[in-house]
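Report on the following structure.
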Amino acid sequence: MRLAVWLALVTALIALQYASPKPKPDLLYQWSTVANGVIQAAIIVGLMLAIARPRPRLLALRRPVSPRRAAAYVAGVLVAIYVFEPIYAGLTHPGNEQGLVPAHWEPAHAAAYVVNGIVICTLVPLAEEIMFRGIGYSLLEPFGRWPAILAVGVLFGLSHGLAILLPVIVFFGCLLAWVRSRTDSVFPGMVAHGVFNLIALVAAVTISS
């Protein structure tokens with residue numbers, strides 16, 4: 001029952017993402033984006049908490065088995081994704097497919113960009129890791145460790161509503177699910193996810209500009 005409800009919610013999220021129009025490049029300069037991000041994260045976390053009741057262990061909100069090893073896994077994930085991503089991008093030239101990268105830096109809207117960045121680097125990883133590597137992985141793991149890793153990675157990738165960049169997001173999702181399987185915790189994945197988003201946001205207004 002829990003798995004069916006979770007799959008229904010993920011499927012609805014995927015359908016919504018692919019049906020939604022591409023966001024405007026100035027989205028992260030708007031304060032309304034902050035509010036939407038906070039609300040969406042709260043809704044996702046609330047739904048996942050409801051599905052997990054009365055078994056909070058499904059969320060994997062616990063200390064990693066080995067914090068030192070978890071830190072090494074986080075570093076390994078970041079190295080792997082930043083080796084894979086430029087190679088793939090060089091072959092496919094996806095451009096700004098996600099639509100979140102600003103066309104240029106606007107100092108007048110810097111405060112909104114920073115606060116949006118905080119949401120994207122904290123609340124978004126929190127919600128997505130609980131949804132996919134937390135309860136999602138927990139519900140799929142009985143079917144096998146690697147099937148769970150692959151399924152979580154594919155569904156995570158699809159939930160971003162991208163086409164050309166889908167393999168990159170799927171690969172990242174699989175890496176995070178693998179870390180979850182090795183550490184028995186979503187916290188290392190949250191850190192890796194947050195750092196990944198932070199680097200993307202900084203690059204968007206420095207390298208990309």
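Residue numbering restarts at 1 for every chain of the structure tokens, chains are lettered A, B, ... in their displayed order, and ligands are numbered from 1 as they appear.
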
Helix (DSSP H, G or I) call set, DSSP backbone run, segment 33-99 of chain A, as a PyMOL selection string: chain A and resi 33-52+56-59+67-92

Spatial neighbours of segment 75-80 of chain A, 8 Å, only C-alpha atoms, chain gap at least 4 places, as an NGL selection string: :A and (71 or 84 or 172 or 175-176 or 192 or 196)

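Those residues that approach segment 5-13 of chain A to within 10 Å, counting only C-alpha atoms, are Met1, Arg2, Leu16, Gln17, Tyr18, Ala19, Ile44, Leu47, Met48, Ile51, Ala52, Met131, Phe132, Ile135, Gly136, Leu139, Leu155, Phe156, Leu158, Ser159, His160 and Gly161 of chain A; same-chain residues fewer than 3 positions away are not listed.
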
Would you mind exporting the chosen residues as a tab-separated table (two decimals), in the first residue's frame, restricted to C-alpha atoms?
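Final output, saved to again11.tsv:
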chain	number	residue	atom	x	y	z
A	1	MET	CA	0.00	0.00	0.00
A	2	ARG	CA	2.76	2.47	0.91
A	16	LEU	CA	3.38	17.70	-13.81
A	17	GLN	CA	7.02	18.43	-14.58
A	18	TYR	CA	6.79	17.34	-18.23
A	19	ALA	CA	3.49	19.16	-18.72
A	44	ILE	CA	6.63	16.82	-0.19
A	47	LEU	CA	3.34	13.68	2.33
A	48	MET	CA	6.40	11.49	2.92
A	51	ILE	CA	3.27	7.67	4.09
A	52	ALA	CA	5.96	6.59	6.57
A	131	MET	CA	11.19	11.33	-1.06
A	132	PHE	CA	13.57	9.30	-3.23
A	135	ILE	CA	11.15	6.36	1.78
A	136	GLY	CA	11.44	5.52	-1.93
A	139	LEU	CA	10.10	0.68	-0.10
A	155	LEU	CA	12.32	8.09	-11.18
A	156	PHE	CA	14.40	10.91	-9.68
A	158	LEU	CA	12.17	11.79	-14.66
A	159	SER	CA	10.82	13.95	-11.83
A	160	HIS	CA	12.90	16.87	-13.13
A	161	GLY	CA	11.00	16.96	-16.44

Mind pulling up the distance from atom CA of Asp184 of chain A to atom CA of Pro147 of chain A?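 Spanning atom CA of Pro147 of chain A to atom CA of Asp184 of chain A is a straight-line distance of 16.4 Å.
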
Hey, what's within 10 Å of segment 33-41 of chain A if we count only C-alpha atoms and toss same-chain stuff fewer than 4 positions away? As a short mmCIF file (atom, residue, chain, number, x, y, z; two decimals) with C-alpha atoms, in the first residue's frame, please?
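File around25.cif, as written:
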data_model
loop_
_atom_site.label_atom_id
_atom_site.label_comp_id
_atom_site.auth_asym_id
_atom_site.auth_seq_id
_atom_site.Cartn_x
_atom_site.Cartn_y
_atom_site.Cartn_z
CA LEU A 27 12.96 32.78 -12.16
CA LEU A 28 15.65 32.77 -9.47
CA TYR A 29 15.56 36.57 -9.30
CA VAL A 45 8.05 16.32 3.30
CA GLY A 46 4.55 16.30 4.80
CA LEU A 47 3.34 13.68 2.33
CA ALA A 112 16.36 37.14 -4.16
CA TYR A 113 18.93 35.01 -5.98
CA VAL A 114 20.80 34.28 -2.75
CA VAL A 115 17.66 33.35 -0.83
CA ASN A 116 16.48 31.18 -3.72
CA GLY A 117 19.91 29.59 -3.63
CA ILE A 118 19.54 28.82 0.06
CA VAL A 119 16.21 27.11 -0.61
CA ILE A 120 17.64 25.15 -3.55
CA THR A 122 18.86 23.14 1.66
CA LEU A 123 15.11 22.57 1.45
CA VAL A 124 15.09 21.07 -2.04
CA PRO A 125 17.74 18.42 -1.22
CA LEU A 126 15.99 17.74 2.09
CA ALA A 127 12.63 17.11 0.40
CA GLU A 128 13.97 15.20 -2.60
#

With only C-alpha atoms as the atoms that count, which of A:Pro102, A:Gly173, A:Gly189, A:Pro167 lies nearest to Glu85 of chain A? A:Pro167

When you draw a straight line from atom CA of Lys24 of chain A to atom CA of Glu106 of chain A, how long is it in Å?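 Computed distance, atom CA of Lys24 of chain A to atom CA of Glu106 of chain A, equals 14.5 Å.
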
All residues 10 Å or closer to Arg57 of chain A, only C-alpha atoms, same chain fewer than 3 positions away omitted, as a CSV table (one decimal) with N, CA and C atoms, in the first residue's frame:
chain,number,residue,atom,x,y,z
A,52,ALA,N,5.1,7.4,5.7
A,52,ALA,CA,6.0,6.6,6.6
A,52,ALA,C,5.3,6.2,7.9
A,53,ARG,N,4.3,6.9,8.3
A,53,ARG,CA,3.7,6.6,9.6
A,53,ARG,C,3.1,5.2,9.6
A,54,PRO,N,3.2,4.4,10.7
A,54,PRO,CA,4.0,4.7,11.9
A,54,PRO,C,5.4,4.1,11.9
A,60,ALA,N,14.8,7.0,6.7
A,60,ALA,CA,16.3,7.0,6.8
A,60,ALA,C,16.9,8.2,7.4
A,61,LEU,N,16.2,8.9,8.2
A,61,LEU,CA,16.7,10.2,8.9
A,61,LEU,C,17.5,9.8,10.1
A,62,ARG,N,18.7,9.2,9.9
A,62,ARG,CA,19.5,8.7,11.0
A,62,ARG,C,21.0,8.9,10.6
A,134,GLY,N,15.1,8.3,0.7
A,134,GLY,CA,14.5,8.0,2.0
A,134,GLY,C,13.5,6.9,1.9
A,135,ILE,N,12.2,7.3,1.8
A,135,ILE,CA,11.1,6.4,1.8
A,135,ILE,C,11.1,5.6,0.5
A,138,SER,N,13.7,2.8,0.6
A,138,SER,CA,13.3,1.9,1.7
A,138,SER,C,12.2,0.9,1.2
A,185,SER,N,21.5,6.0,5.5
A,185,SER,CA,21.1,7.3,5.9
A,185,SER,C,20.9,8.2,4.7

Between atom CA of Leu49 of chain A and atom CA of Leu3 of chain A, what is the distance, to one decimal in Å? 13.5 Å

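Across A:Met190, A:Leu165, A:Val195, A:Ala177, the tightest approach to His93 of chain A is made by A:Leu165 when counting only C-alpha atoms.
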
Which of these, A:Ile130, A:Leu166, A:Leu150, A:Ala42, has the shortest distance to Leu59 of chain A once you count only C-alpha atoms?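 For Leu59 of chain A, the nearest of the candidates is A:Ile130.
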